[in-house]
$ cat structure_31.pdb   # PDB, C-alpha atoms (C1' of nucleotides)
MODEL        1
ATOM      1  CA  MET A   1       1.648 -46.715  36.747  1.00  0.00           C
ATOM      2  CA  ASP A   2       5.307 -46.696  35.677  1.00  0.00           C
ATOM      3  CA  ARG A   3       6.356 -46.807  39.326  1.00  0.00           C
ATOM      4  CA  LEU A   4       3.831 -49.536  40.041  1.00  0.00           C
ATOM      5  CA  PHE A   5       5.046 -51.973  37.385  1.00  0.00           C
ATOM      6  CA  GLN A   6       8.651 -50.944  37.905  1.00  0.00           C
ATOM      7  CA  ALA A   7       8.246 -51.927  41.550  1.00  0.00           C
ATOM      8  CA  LEU A   8       6.856 -55.310  40.529  1.00  0.00           C
ATOM      9  CA  ALA A   9       9.755 -55.918  38.131  1.00  0.00           C
ATOM     10  CA  ASP A  10      12.152 -57.347  40.725  1.00  0.00           C
ATOM     11  CA  THR A  11      12.151 -60.817  42.249  1.00  0.00           C
ATOM     12  CA  THR A  12      13.181 -59.643  45.729  1.00  0.00           C
ATOM     13  CA  ARG A  13      10.450 -57.013  45.768  1.00  0.00           C
ATOM     14  CA  ARG A  14       7.780 -59.446  44.594  1.00  0.00           C
ATOM     15  CA  ASP A  15       8.900 -61.793  47.359  1.00  0.00           C
ATOM     16  CA  ILE A  16       8.600 -58.989  49.916  1.00  0.00           C
ATOM     17  CA  ILE A  17       5.085 -58.261  48.644  1.00  0.00           C
ATOM     18  CA  ARG A  18       4.119 -61.909  49.040  1.00  0.00           C
ATOM     19  CA  ARG A  19       5.448 -61.997  52.590  1.00  0.00           C
ATOM     20  CA  VAL A  20       4.005 -58.758  53.898  1.00  0.00           C
ATOM     21  CA  THR A  21       0.682 -59.497  52.231  1.00  0.00           C
ATOM     22  CA  ALA A  22       0.476 -62.788  54.109  1.00  0.00           C
ATOM     23  CA  GLY A  23       1.557 -61.130  57.359  1.00  0.00           C
ATOM     24  CA  GLU A  24       3.201 -57.906  58.489  1.00  0.00           C
ATOM     25  CA  SER A  25       6.939 -57.729  59.183  1.00  0.00           C
ATOM     26  CA  SER A  26       9.589 -55.253  60.306  1.00  0.00           C
ATOM     27  CA  VAL A  27      12.179 -53.986  57.823  1.00  0.00           C
ATOM     28  CA  SER A  28      14.975 -55.762  59.696  1.00  0.00           C
ATOM     29  CA  GLY A  29      12.857 -58.900  59.837  1.00  0.00           C
ATOM     30  CA  LEU A  30      12.682 -58.798  56.052  1.00  0.00           C
ATOM     31  CA  ALA A  31      16.377 -57.950  55.724  1.00  0.00           C
ATOM     32  CA  ASP A  32      17.316 -61.153  57.549  1.00  0.00           C
ATOM     33  CA  LEU A  33      15.664 -63.195  54.792  1.00  0.00           C
ATOM     34  CA  TYR A  34      17.795 -61.985  51.898  1.00  0.00           C
ATOM     35  CA  ALA A  35      21.477 -62.288  51.039  1.00  0.00           C
ATOM     36  CA  MET A  36      21.982 -58.551  50.800  1.00  0.00           C
ATOM     37  CA  SER A  37      22.603 -55.601  53.064  1.00  0.00           C
ATOM     38  CA  PHE A  38      19.951 -54.054  55.291  1.00  0.00           C
ATOM     39  CA  ALA A  39      20.207 -50.838  53.271  1.00  0.00           C
ATOM     40  CA  ALA A  40      19.429 -52.696  50.037  1.00  0.00           C
ATOM     41  CA  VAL A  41      16.263 -54.205  51.520  1.00  0.00           C
ATOM     42  CA  GLN A  42      15.381 -50.810  52.935  1.00  0.00           C
ATOM     43  CA  LYS A  43      15.594 -49.380  49.410  1.00  0.00           C
ATOM     44  CA  HIS A  44      13.394 -52.139  48.021  1.00  0.00           C
ATOM     45  CA  VAL A  45      10.767 -51.399  50.662  1.00  0.00           C
ATOM     46  CA  ALA A  46      10.992 -47.687  49.798  1.00  0.00           C
ATOM     47  CA  VAL A  47      10.368 -48.491  46.122  1.00  0.00           C
ATOM     48  CA  LEU A  48       7.339 -50.576  47.067  1.00  0.00           C
ATOM     49  CA  GLU A  49       6.078 -47.819  49.338  1.00  0.00           C
ATOM     50  CA  ARG A  50       6.356 -45.164  46.605  1.00  0.00           C
ATOM     51  CA  ALA A  51       4.403 -47.511  44.323  1.00  0.00           C
ATOM     52  CA  SER A  52       1.654 -47.879  46.959  1.00  0.00           C
ATOM     53  CA  LEU A  53       2.243 -51.612  47.143  1.00  0.00           C
ATOM     54  CA  VAL A  54       3.132 -51.578  50.841  1.00  0.00           C
ATOM     55  CA  THR A  55       2.665 -49.239  53.781  1.00  0.00           C
ATOM     56  CA  LYS A  56       5.052 -48.558  56.667  1.00  0.00           C
ATOM     57  CA  GLU A  57       4.058 -47.780  60.224  1.00  0.00           C
ATOM     58  CA  LYS A  58       6.396 -46.949  63.055  1.00  0.00           C
ATOM     59  CA  ARG A  59       6.064 -49.152  66.126  1.00  0.00           C
ATOM     60  CA  GLY A  60       8.608 -48.493  68.822  1.00  0.00           C
ATOM     61  CA  ARG A  61      11.988 -48.533  67.148  1.00  0.00           C
ATOM     62  CA  GLU A  62      10.755 -50.817  64.393  1.00  0.00           C
ATOM     63  CA  GLN A  63       9.075 -49.948  61.134  1.00  0.00           C
ATOM     64  CA  ILE A  64       6.241 -52.375  60.341  1.00  0.00           C
ATOM     65  CA  VAL A  65       5.615 -53.169  56.673  1.00  0.00           C
ATOM     66  CA  ARG A  66       2.247 -54.319  55.399  1.00  0.00           C
ATOM     67  CA  GLY A  67       0.869 -55.119  51.960  1.00  0.00           C
ATOM     68  CA  ASP A  68      -1.284 -52.397  50.417  1.00  0.00           C
ATOM     69  CA  HIS A  69      -4.238 -53.946  48.662  1.00  0.00           C
ATOM     70  CA  GLU A  70      -5.072 -50.775  46.705  1.00  0.00           C
ATOM     71  CA  GLY A  71      -1.850 -50.783  44.718  1.00  0.00           C
ATOM     72  CA  LEU A  72      -2.220 -54.402  43.667  1.00  0.00           C
ATOM     73  CA  GLN A  73      -5.781 -53.834  42.540  1.00  0.00           C
ATOM     74  CA  LYS A  74      -4.691 -50.860  40.465  1.00  0.00           C
ATOM     75  CA  ALA A  75      -2.218 -53.027  38.553  1.00  0.00           C
ATOM     76  CA  ARG A  76      -4.761 -55.794  38.159  1.00  0.00           C
ATOM     77  CA  ARG A  77      -7.344 -53.383  36.823  1.00  0.00           C
ATOM     78  CA  LEU A  78      -5.034 -52.219  34.023  1.00  0.00           C
ATOM     79  CA  LEU A  79      -4.307 -55.792  32.960  1.00  0.00           C
ATOM     80  CA  ASP A  80      -8.039 -56.495  33.082  1.00  0.00           C
ATOM     81  CA  GLU A  81      -8.541 -53.542  30.759  1.00  0.00           C
ATOM     82  CA  TYR A  82      -6.078 -54.989  28.232  1.00  0.00           C
ATOM     83  CA  GLU A  83      -7.848 -58.305  28.596  1.00  0.00           C
ATOM     84  CA  ALA A  84     -11.137 -56.594  27.765  1.00  0.00           C
ATOM     85  CA  ILE A  85      -9.639 -54.950  24.688  1.00  0.00           C
ATOM     86  CA  TRP A  86      -8.335 -58.314  23.577  1.00  0.00           C
ATOM     87  CA  ARG A  87     -11.690 -60.031  24.094  1.00  0.00           C
ATOM     88  CA  GLN A  88     -13.421 -57.201  22.252  1.00  0.00           C
ATOM     89  CA  ARG A  89     -11.123 -57.731  19.266  1.00  0.00           C
ATOM     90  CA  ALA A  90     -11.483 -61.514  19.517  1.00  0.00           C
ATOM     91  CA  GLY A  91     -15.227 -60.949  19.523  1.00  0.00           C
ATOM     92  CA  ARG A  92     -15.047 -58.797  16.401  1.00  0.00           C
ATOM     93  CA  ILE A  93     -12.990 -61.434  14.613  1.00  0.00           C
ATOM     94  CA  ALA A  94     -15.476 -64.118  15.651  1.00  0.00           C
ATOM     95  CA  ASP A  95     -18.284 -61.942  14.274  1.00  0.00           C
ATOM     96  CA  ILE A  96     -16.462 -61.499  10.982  1.00  0.00           C
ATOM     97  CA  LEU A  97     -15.852 -65.218  10.722  1.00  0.00           C
ATOM     98  CA  ALA A  98     -19.503 -65.886  11.572  1.00  0.00           C
ATOM     99  CA  GLU A  99     -20.614 -63.478   8.853  1.00  0.00           C
ATOM    100  CA  GLY A 100     -18.345 -64.986   6.260  1.00  0.00           C
TER     101      GLY A 100
ATOM    102  CA  MET B   1       8.631 -62.303  35.357  1.00  0.00           C
ATOM    103  CA  ASP B   2      11.160 -59.508  35.862  1.00  0.00           C
ATOM    104  CA  ARG B   3      11.204 -58.901  32.112  1.00  0.00           C
ATOM    105  CA  LEU B   4       7.419 -59.031  31.973  1.00  0.00           C
ATOM    106  CA  PHE B   5       6.778 -56.344  34.583  1.00  0.00           C
ATOM    107  CA  GLN B   6       9.801 -54.349  33.454  1.00  0.00           C
ATOM    108  CA  ALA B   7       8.252 -54.275  29.978  1.00  0.00           C
ATOM    109  CA  LEU B   8       4.972 -53.010  31.433  1.00  0.00           C
ATOM    110  CA  ALA B   9       6.759 -50.254  33.399  1.00  0.00           C
ATOM    111  CA  ASP B  10       6.845 -47.714  30.576  1.00  0.00           C
ATOM    112  CA  THR B  11       4.001 -45.532  29.300  1.00  0.00           C
ATOM    113  CA  THR B  12       5.017 -45.787  25.633  1.00  0.00           C
ATOM    114  CA  ARG B  13       5.227 -49.572  25.837  1.00  0.00           C
ATOM    115  CA  ARG B  14       1.845 -49.875  27.566  1.00  0.00           C
ATOM    116  CA  ASP B  15       0.401 -47.688  24.817  1.00  0.00           C
ATOM    117  CA  ILE B  16       1.923 -49.947  22.155  1.00  0.00           C
ATOM    118  CA  ILE B  17       0.389 -52.960  23.908  1.00  0.00           C
ATOM    119  CA  ARG B  18      -3.016 -51.319  23.909  1.00  0.00           C
ATOM    120  CA  ARG B  19      -2.772 -50.509  20.194  1.00  0.00           C
ATOM    121  CA  VAL B  20      -1.477 -53.831  18.923  1.00  0.00           C
ATOM    122  CA  THR B  21      -3.917 -55.715  21.151  1.00  0.00           C
ATOM    123  CA  ALA B  22      -6.796 -53.837  19.547  1.00  0.00           C
ATOM    124  CA  GLY B  23      -5.368 -54.353  16.065  1.00  0.00           C
ATOM    125  CA  GLU B  24      -2.044 -55.308  14.476  1.00  0.00           C
ATOM    126  CA  SER B  25       0.393 -52.678  13.196  1.00  0.00           C
ATOM    127  CA  SER B  26       3.789 -52.427  11.521  1.00  0.00           C
ATOM    128  CA  VAL B  27       6.783 -51.146  13.494  1.00  0.00           C
ATOM    129  CA  SER B  28       7.003 -48.032  11.321  1.00  0.00           C
ATOM    130  CA  GLY B  29       3.237 -47.535  11.710  1.00  0.00           C
ATOM    131  CA  LEU B  30       3.787 -47.470  15.471  1.00  0.00           C
ATOM    132  CA  ALA B  31       6.863 -45.254  15.165  1.00  0.00           C
ATOM    133  CA  ASP B  32       4.783 -42.559  13.447  1.00  0.00           C
ATOM    134  CA  LEU B  33       2.609 -42.259  16.547  1.00  0.00           C
ATOM    135  CA  TYR B  34       5.325 -41.240  19.004  1.00  0.00           C
ATOM    136  CA  ALA B  35       7.581 -38.236  19.302  1.00  0.00           C
ATOM    137  CA  MET B  36      10.753 -40.296  19.212  1.00  0.00           C
ATOM    138  CA  SER B  37      13.019 -41.937  16.657  1.00  0.00           C
ATOM    139  CA  PHE B  38      12.138 -45.104  14.766  1.00  0.00           C
ATOM    140  CA  ALA B  39      15.022 -46.890  16.502  1.00  0.00           C
ATOM    141  CA  ALA B  40      13.619 -46.002  19.939  1.00  0.00           C
ATOM    142  CA  VAL B  41      10.213 -47.490  19.075  1.00  0.00           C
ATOM    143  CA  GLN B  42      11.969 -50.486  17.594  1.00  0.00           C
ATOM    144  CA  LYS B  43      13.726 -51.017  20.926  1.00  0.00           C
ATOM    145  CA  HIS B  44      10.440 -50.744  22.821  1.00  0.00           C
ATOM    146  CA  VAL B  45       8.903 -53.382  20.572  1.00  0.00           C
ATOM    147  CA  ALA B  46      11.958 -55.597  21.151  1.00  0.00           C
ATOM    148  CA  VAL B  47      11.509 -55.277  24.923  1.00  0.00           C
ATOM    149  CA  LEU B  48       7.839 -56.225  24.592  1.00  0.00           C
ATOM    150  CA  GLU B  49       8.760 -59.161  22.378  1.00  0.00           C
ATOM    151  CA  ARG B  50      11.354 -60.499  24.843  1.00  0.00           C
ATOM    152  CA  ALA B  51       8.669 -60.260  27.539  1.00  0.00           C
ATOM    153  CA  SER B  52       6.234 -62.264  25.370  1.00  0.00           C
ATOM    154  CA  LEU B  53       3.779 -59.381  25.364  1.00  0.00           C
ATOM    155  CA  VAL B  54       3.812 -58.987  21.582  1.00  0.00           C
ATOM    156  CA  THR B  55       4.810 -61.103  18.587  1.00  0.00           C
ATOM    157  CA  LYS B  56       6.420 -59.967  15.353  1.00  0.00           C
ATOM    158  CA  GLU B  57       5.827 -61.474  11.936  1.00  0.00           C
ATOM    159  CA  LYS B  58       7.540 -60.467   8.732  1.00  0.00           C
ATOM    160  CA  ARG B  59       5.210 -59.495   5.922  1.00  0.00           C
ATOM    161  CA  GLY B  60       6.918 -58.245   2.805  1.00  0.00           C
ATOM    162  CA  ARG B  61       9.350 -55.591   3.941  1.00  0.00           C
ATOM    163  CA  GLU B  62       7.228 -54.775   6.987  1.00  0.00           C
ATOM    164  CA  GLN B  63       7.306 -56.358  10.406  1.00  0.00           C
ATOM    165  CA  ILE B  64       3.778 -56.824  11.782  1.00  0.00           C
ATOM    166  CA  VAL B  65       3.327 -56.496  15.553  1.00  0.00           C
ATOM    167  CA  ARG B  66       0.473 -58.167  17.410  1.00  0.00           C
ATOM    168  CA  GLY B  67      -0.491 -58.423  21.051  1.00  0.00           C
ATOM    169  CA  ASP B  68       0.386 -61.711  22.760  1.00  0.00           C
ATOM    170  CA  HIS B  69      -2.414 -62.774  25.028  1.00  0.00           C
ATOM    171  CA  GLU B  70      -0.307 -65.367  26.873  1.00  0.00           C
ATOM    172  CA  GLY B  71       2.101 -62.825  28.328  1.00  0.00           C
ATOM    173  CA  LEU B  72      -0.665 -60.617  29.650  1.00  0.00           C
ATOM    174  CA  GLN B  73      -2.412 -63.549  31.283  1.00  0.00           C
ATOM    175  CA  LYS B  74       0.831 -64.586  32.954  1.00  0.00           C
ATOM    176  CA  ALA B  75       1.113 -61.167  34.616  1.00  0.00           C
ATOM    177  CA  ARG B  76      -2.539 -61.207  35.571  1.00  0.00           C
ATOM    178  CA  ARG B  77      -2.225 -64.649  37.107  1.00  0.00           C
ATOM    179  CA  LEU B  78       0.574 -63.503  39.426  1.00  0.00           C
ATOM    180  CA  LEU B  79      -1.440 -60.524  40.622  1.00  0.00           C
ATOM    181  CA  ASP B  80      -4.412 -62.849  41.133  1.00  0.00           C
ATOM    182  CA  GLU B  81      -2.184 -65.029  43.285  1.00  0.00           C
ATOM    183  CA  TYR B  82      -1.244 -62.081  45.490  1.00  0.00           C
ATOM    184  CA  GLU B  83      -4.901 -61.198  45.639  1.00  0.00           C
ATOM    185  CA  ALA B  84      -5.654 -64.740  46.839  1.00  0.00           C
ATOM    186  CA  ILE B  85      -2.987 -64.512  49.533  1.00  0.00           C
ATOM    187  CA  TRP B  86      -4.480 -61.232  50.674  1.00  0.00           C
ATOM    188  CA  ARG B  87      -8.009 -62.613  50.797  1.00  0.00           C
ATOM    189  CA  GLN B  88      -6.764 -65.663  52.674  1.00  0.00           C
ATOM    190  CA  ARG B  89      -5.201 -63.413  55.286  1.00  0.00           C
ATOM    191  CA  ALA B  90      -8.294 -61.210  55.401  1.00  0.00           C
ATOM    192  CA  GLY B  91     -10.287 -64.398  55.909  1.00  0.00           C
ATOM    193  CA  ARG B  92      -8.065 -65.490  58.788  1.00  0.00           C
ATOM    194  CA  ILE B  93      -8.459 -62.119  60.452  1.00  0.00           C
ATOM    195  CA  ALA B  94     -12.226 -62.316  60.019  1.00  0.00           C
ATOM    196  CA  ASP B  95     -12.156 -65.763  61.635  1.00  0.00           C
ATOM    197  CA  ILE B  96     -10.133 -64.491  64.564  1.00  0.00           C
ATOM    198  CA  LEU B  97     -12.498 -61.583  65.043  1.00  0.00           C
ATOM    199  CA  ALA B  98     -15.445 -63.970  64.796  1.00  0.00           C
ATOM    200  CA  GLU B  99     -13.903 -66.210  67.488  1.00  0.00           C
ATOM    201  CA  GLY B 100     -13.247 -63.313  69.824  1.00  0.00           C
TER     202      GLY B 100
ATOM    203  C1'  DG C   1      18.772 -50.686 -12.602  1.00  0.00           C
ATOM    204  C1'  DT C   2      17.995 -46.908  -9.145  1.00  0.00           C
ATOM    205  C1'  DA C   3      15.738 -44.793  -5.568  1.00  0.00           C
ATOM    206  C1'  DT C   4      12.962 -45.375  -1.599  1.00  0.00           C
ATOM    207  C1'  DC C   5      10.955 -47.717   2.276  1.00  0.00           C
ATOM    208  C1'  DG C   6      11.037 -50.650   6.429  1.00  0.00           C
ATOM    209  C1'  DT C   7      14.065 -52.800   9.315  1.00  0.00           C
ATOM    210  C1'  DA C   8      18.206 -54.210  11.974  1.00  0.00           C
ATOM    211  C1'  DC C   9      22.076 -53.147  14.546  1.00  0.00           C
ATOM    212  C1'  DA C  10      26.120 -50.818  16.467  1.00  0.00           C
ATOM    213  C1'  DA C  11      28.081 -46.971  19.027  1.00  0.00           C
ATOM    214  C1'  DC C  12      27.343 -43.507  22.012  1.00  0.00           C
ATOM    215  C1'  DC C  13      25.281 -40.688  26.007  1.00  0.00           C
ATOM    216  C1'  DA C  14      22.688 -39.195  30.248  1.00  0.00           C
ATOM    217  C1'  DA C  15      19.957 -40.851  33.794  1.00  0.00           C
ATOM    218  C1'  DA C  16      18.096 -44.446  36.623  1.00  0.00           C
ATOM    219  C1'  DT C  17      18.772 -49.006  39.121  1.00  0.00           C
ATOM    220  C1'  DG C  18      20.484 -52.232  42.433  1.00  0.00           C
ATOM    221  C1'  DG C  19      23.899 -52.899  45.106  1.00  0.00           C
ATOM    222  C1'  DT C  20      27.694 -51.466  48.607  1.00  0.00           C
ATOM    223  C1'  DT C  21      29.824 -49.029  52.924  1.00  0.00           C
ATOM    224  C1'  DG C  22      29.753 -45.598  56.357  1.00  0.00           C
ATOM    225  C1'  DT C  23      27.674 -42.281  59.504  1.00  0.00           C
ATOM    226  C1'  DA C  24      24.166 -40.731  62.577  1.00  0.00           C
ATOM    227  C1'  DG C  25      19.664 -40.533  65.214  1.00  0.00           C
ATOM    228  C1'  DA C  26      16.027 -42.986  68.041  1.00  0.00           C
ATOM    229  C1'  DT C  27      14.593 -46.498  70.932  1.00  0.00           C
ATOM    230  C1'  DC C  28      15.112 -50.293  73.992  1.00  0.00           C
ATOM    231  C1'  DA C  29      17.765 -53.486  77.505  1.00  0.00           C
ATOM    232  C1'  DG C  30      20.788 -54.001  81.448  1.00  0.00           C
TER     233       DG C  30
ATOM    234  C1'  DC D   1      24.417 -44.062  81.662  1.00  0.00           C
ATOM    235  C1'  DT D   2      26.085 -47.549  78.274  1.00  0.00           C
ATOM    236  C1'  DG D   3      25.591 -50.582  74.738  1.00  0.00           C
ATOM    237  C1'  DA D   4      22.948 -52.914  71.356  1.00  0.00           C
ATOM    238  C1'  DT D   5      19.175 -52.559  67.826  1.00  0.00           C
ATOM    239  C1'  DC D   6      16.472 -50.556  64.152  1.00  0.00           C
ATOM    240  C1'  DT D   7      16.199 -47.229  60.974  1.00  0.00           C
ATOM    241  C1'  DA D   8      17.444 -43.329  57.784  1.00  0.00           C
ATOM    242  C1'  DC D   9      20.333 -41.340  54.548  1.00  0.00           C
ATOM    243  C1'  DA D  10      24.433 -39.954  51.903  1.00  0.00           C
ATOM    244  C1'  DA D  11      28.156 -41.182  48.832  1.00  0.00           C
ATOM    245  C1'  DC D  12      29.872 -44.194  45.752  1.00  0.00           C
ATOM    246  C1'  DC D  13      30.110 -47.864  41.935  1.00  0.00           C
ATOM    247  C1'  DA D  14      28.781 -51.020  38.008  1.00  0.00           C
ATOM    248  C1'  DT D  15      25.166 -52.061  35.071  1.00  0.00           C
ATOM    249  C1'  DT D  16      20.909 -51.201  32.715  1.00  0.00           C
ATOM    250  C1'  DT D  17      17.692 -48.190  30.457  1.00  0.00           C
ATOM    251  C1'  DG D  18      15.751 -45.033  27.190  1.00  0.00           C
ATOM    252  C1'  DG D  19      17.067 -42.206  24.071  1.00  0.00           C
ATOM    253  C1'  DT D  20      20.084 -40.538  19.996  1.00  0.00           C
ATOM    254  C1'  DT D  21      22.626 -40.855  15.254  1.00  0.00           C
ATOM    255  C1'  DG D  22      24.692 -43.411  11.624  1.00  0.00           C
ATOM    256  C1'  DT D  23      25.345 -47.387   8.663  1.00  0.00           C
ATOM    257  C1'  DA D  24      23.813 -51.434   6.118  1.00  0.00           C
ATOM    258  C1'  DC D  25      20.678 -54.516   3.858  1.00  0.00           C
ATOM    259  C1'  DG D  26      16.441 -56.773   1.865  1.00  0.00           C
ATOM    260  C1'  DA D  27      11.970 -55.633  -0.405  1.00  0.00           C
ATOM    261  C1'  DT D  28       9.238 -52.596  -3.217  1.00  0.00           C
ATOM    262  C1'  DA D  29       8.228 -48.982  -6.636  1.00  0.00           C
ATOM    263  C1'  DC D  30       9.324 -46.664 -10.851  1.00  0.00           C
TER     264       DC D  30
ENDMDL
END
$ encode --input "structure_31.pdb" --output "structure tokens"
Amino acid sequence: MDRLFQALADTTRRDIIRRVTAGESSVSGLADLYAMSFAAVQKHVAVLERASLVTKEKRGREQIVRGDHEGLQKARRLLDEYEAIWRQRAGRIADILAEG
Amino acid sequence: MDRLFQALADTTRRDIIRRVTAGESSVSGLADLYAMSFAAVQKHVAVLERASLVTKEKRGREQIVRGDHEGLQKARRLLDEYEAIWRQRAGRIADILAEG
DNA sequence: GTATCGTACAACCAAATGGTTGTAGATCAG
DNA sequence: CTGATCTACAACCATTTGGTTGTACGATAC
């Protein structure tokens, strides 16, 4: 979980997620889009991969990056859980107010 | 957004969120729960506050911490957006397969 | 008033982060 | 074969992070 949210906590990485979720791309293809070195983008992709937010697959001399739906869902599920806790509490408060 | 996900990328902070979402607590009340100094917990709360995930309110000499629903929803909304992009793509692929 | 409690904040430290450059190995094009 | 491309990885650097201790100050209890 730490790795998951840590991976999401960077604008460049969130942008990469958006792109590779919409359509696959090579690492160099991604690197061309940002004002930073290839190695920096490579590191960002590695962070996303460790967090299960993207997958890499070798194709010829390129490495194809794709969005990993599982990782996103995992993050969403935790936030949904917090949401449920909040609603539960809001419900309790509503009950108390209704009683009073 | 960076601050939001960064704030969520720590187990202690996610635990604090869970607790103060379920029911308010003072900073020292929270500090008692973790095997770290008061100052460390204080810093965690500050990070959560900057990310709009909790709010603080002075009450007597205590500082009461509560969950901030807005911040959580903001994070959820972004993940929902990614989800939508993914479904859109999945839909396109389904269409292409249907055509073929 | 005095002591204690809850908080704020500064200074410090080790480790992680986000970036760089440079080197080297595969793979493809001519 | 040679050269260009794509990737991997190490070494390095500045900044941030997550933790510590110590000091100070307002609010409460006695």
$ closest_residue --input "structure_31.pdb" --among "A:Arg76, A:Ala39, A:Tyr82, A:Leu33" --to "Arg19 in chain A" --atoms "all atoms listed in the file"
A:Leu33
$ resolve_selection --input "structure_31.pdb" --expression "the PyMOL selection byres ((chain C and resi 13-18) around 10)" --output "list in words"
Asp10, Ala40, Lys43 and His44 of chain A; DA11, DC12, DG19 and DT20 of chain C; DA14, DT15, DT16, DT17, DG18, DG19 and DT20 of chain D
$ calpha_fit_and_write --input "structure_31.pdb" --fixed "chain B" --moving "chain A" --output "compact mmCIF listing (two decimals) with C-alpha atoms, keeping the file's coordinate frame"
# COMPACT_ATOMS: atom_id res chain seq x y z
CA MET A 1 8.64 -62.34 35.36
CA ASP A 2 11.18 -59.54 35.86
CA ARG A 3 11.22 -58.93 32.11
CA LEU A 4 7.44 -59.07 31.98
CA PHE A 5 6.80 -56.38 34.58
CA GLN A 6 9.81 -54.39 33.45
CA ALA A 7 8.26 -54.30 29.98
CA LEU A 8 4.98 -53.04 31.44
CA ALA A 9 6.76 -50.30 33.40
CA ASP A 10 6.84 -47.74 30.58
CA THR A 11 4.01 -45.56 29.32
CA THR A 12 5.02 -45.81 25.65
CA ARG A 13 5.23 -49.59 25.84
CA ARG A 14 1.86 -49.90 27.58
CA ASP A 15 0.40 -47.71 24.84
CA ILE A 16 1.92 -49.96 22.17
CA ILE A 17 0.39 -52.98 23.91
CA ARG A 18 -3.02 -51.33 23.92
CA ARG A 19 -2.77 -50.53 20.23
CA VAL A 20 -1.48 -53.83 18.93
CA THR A 21 -3.92 -55.72 21.13
CA ALA A 22 -6.80 -53.83 19.54
CA GLY A 23 -5.36 -54.34 16.06
CA GLU A 24 -2.06 -55.31 14.47
CA SER A 25 0.38 -52.68 13.20
CA SER A 26 3.77 -52.40 11.52
CA VAL A 27 6.77 -51.12 13.48
CA SER A 28 6.95 -47.99 11.33
CA GLY A 29 3.22 -47.52 11.74
CA LEU A 30 3.76 -47.45 15.49
CA ALA A 31 6.83 -45.22 15.19
CA ASP A 32 4.75 -42.53 13.47
CA LEU A 33 2.58 -42.23 16.58
CA TYR A 34 5.30 -41.23 19.03
CA ALA A 35 7.58 -38.22 19.33
CA MET A 36 10.74 -40.28 19.23
CA SER A 37 13.00 -41.92 16.70
CA PHE A 38 12.11 -45.08 14.80
CA ALA A 39 15.00 -46.86 16.53
CA ALA A 40 13.60 -46.00 19.96
CA VAL A 41 10.20 -47.48 19.09
CA GLN A 42 11.96 -50.47 17.59
CA LYS A 43 13.70 -51.01 20.94
CA HIS A 44 10.43 -50.75 22.83
CA VAL A 45 8.89 -53.39 20.58
CA ALA A 46 11.95 -55.60 21.14
CA VAL A 47 11.50 -55.29 24.91
CA LEU A 48 7.85 -56.25 24.59
CA GLU A 49 8.75 -59.17 22.35
CA ARG A 50 11.34 -60.52 24.82
CA ALA A 51 8.67 -60.28 27.53
CA SER A 52 6.22 -62.28 25.37
CA LEU A 53 3.77 -59.39 25.36
CA VAL A 54 3.81 -59.00 21.58
CA THR A 55 4.81 -61.10 18.59
CA LYS A 56 6.42 -59.96 15.33
CA GLU A 57 5.82 -61.46 11.92
CA LYS A 58 7.52 -60.45 8.72
CA ARG A 59 5.18 -59.46 5.89
CA GLY A 60 6.91 -58.18 2.80
CA ARG A 61 9.31 -55.50 3.94
CA GLU A 62 7.22 -54.73 7.00
CA GLN A 63 7.29 -56.34 10.41
CA ILE A 64 3.77 -56.81 11.79
CA VAL A 65 3.33 -56.50 15.56
CA ARG A 66 0.49 -58.18 17.41
CA GLY A 67 -0.47 -58.44 21.07
CA ASP A 68 0.41 -61.74 22.73
CA HIS A 69 -2.38 -62.81 25.01
CA GLU A 70 -0.25 -65.39 26.85
CA GLY A 71 2.13 -62.83 28.32
CA LEU A 72 -0.66 -60.65 29.66
CA GLN A 73 -2.36 -63.62 31.28
CA LYS A 74 0.89 -64.62 32.95
CA ALA A 75 1.15 -61.20 34.61
CA ARG A 76 -2.50 -61.26 35.58
CA ARG A 77 -2.16 -64.69 37.12
CA LEU A 78 0.63 -63.53 39.45
CA LEU A 79 -1.42 -60.56 40.63
CA ASP A 80 -4.37 -62.90 41.13
CA GLU A 81 -2.12 -65.06 43.29
CA TYR A 82 -1.24 -62.09 45.51
CA GLU A 83 -4.92 -61.26 45.65
CA ALA A 84 -5.63 -64.79 46.85
CA ILE A 85 -2.96 -64.54 49.54
CA TRP A 86 -4.47 -61.27 50.67
CA ARG A 87 -8.00 -62.69 50.79
CA GLN A 88 -6.71 -65.72 52.68
CA ARG A 89 -5.17 -63.44 55.31
CA ALA A 90 -8.28 -61.24 55.38
CA GLY A 91 -10.27 -64.41 55.90
CA ARG A 92 -8.06 -65.48 58.80
CA ILE A 93 -8.44 -62.08 60.44
CA ALA A 94 -12.21 -62.25 59.98
CA ASP A 95 -12.18 -65.69 61.61
CA ILE A 96 -10.17 -64.39 64.55
CA LEU A 97 -12.53 -61.46 64.97
CA ALA A 98 -15.51 -63.82 64.74
CA GLU A 99 -14.01 -66.05 67.42
CA GLY A 100 -13.28 -63.17 69.74
$ interface_residues --input "structure_31.pdb" --of "chain D" --to "chain A" --cutoff "12 Å" --atoms "all atoms listed in the file" --output "list in words"
DT5, DC6, DT7, DA8, DC9 and DA10 of chain D
$ interface_residues --input "structure_31.pdb" --of "chain B" --to "chain A" --cutoff "12 Å" --atoms "all atoms listed in the file" --output "number ranges by chain"
B: 1-24, 51, 53, 66-93
$ closest_residue --input "structure_31.pdb" --among "A:Val65, A:Ala35, A:Val54, A:Leu30" --to "chain C" --atoms "all atoms listed in the file"
A:Ala35
$ resolve_selection --input "structure_31.pdb" --expression "the PyMOL selection byres ((chain D and resi 23-27) around 9)" --output "JSON, numbers by chain"
{"B": [60, 61, 62], "C": [5, 6, 7, 8, 9, 10], "D": [22, 28]}
$ atom_distance --input "structure_31.pdb" --atom1 "CA of Ala31 in chain B" --atom2 "CA of Leu48 in chain B"
14.5 Å
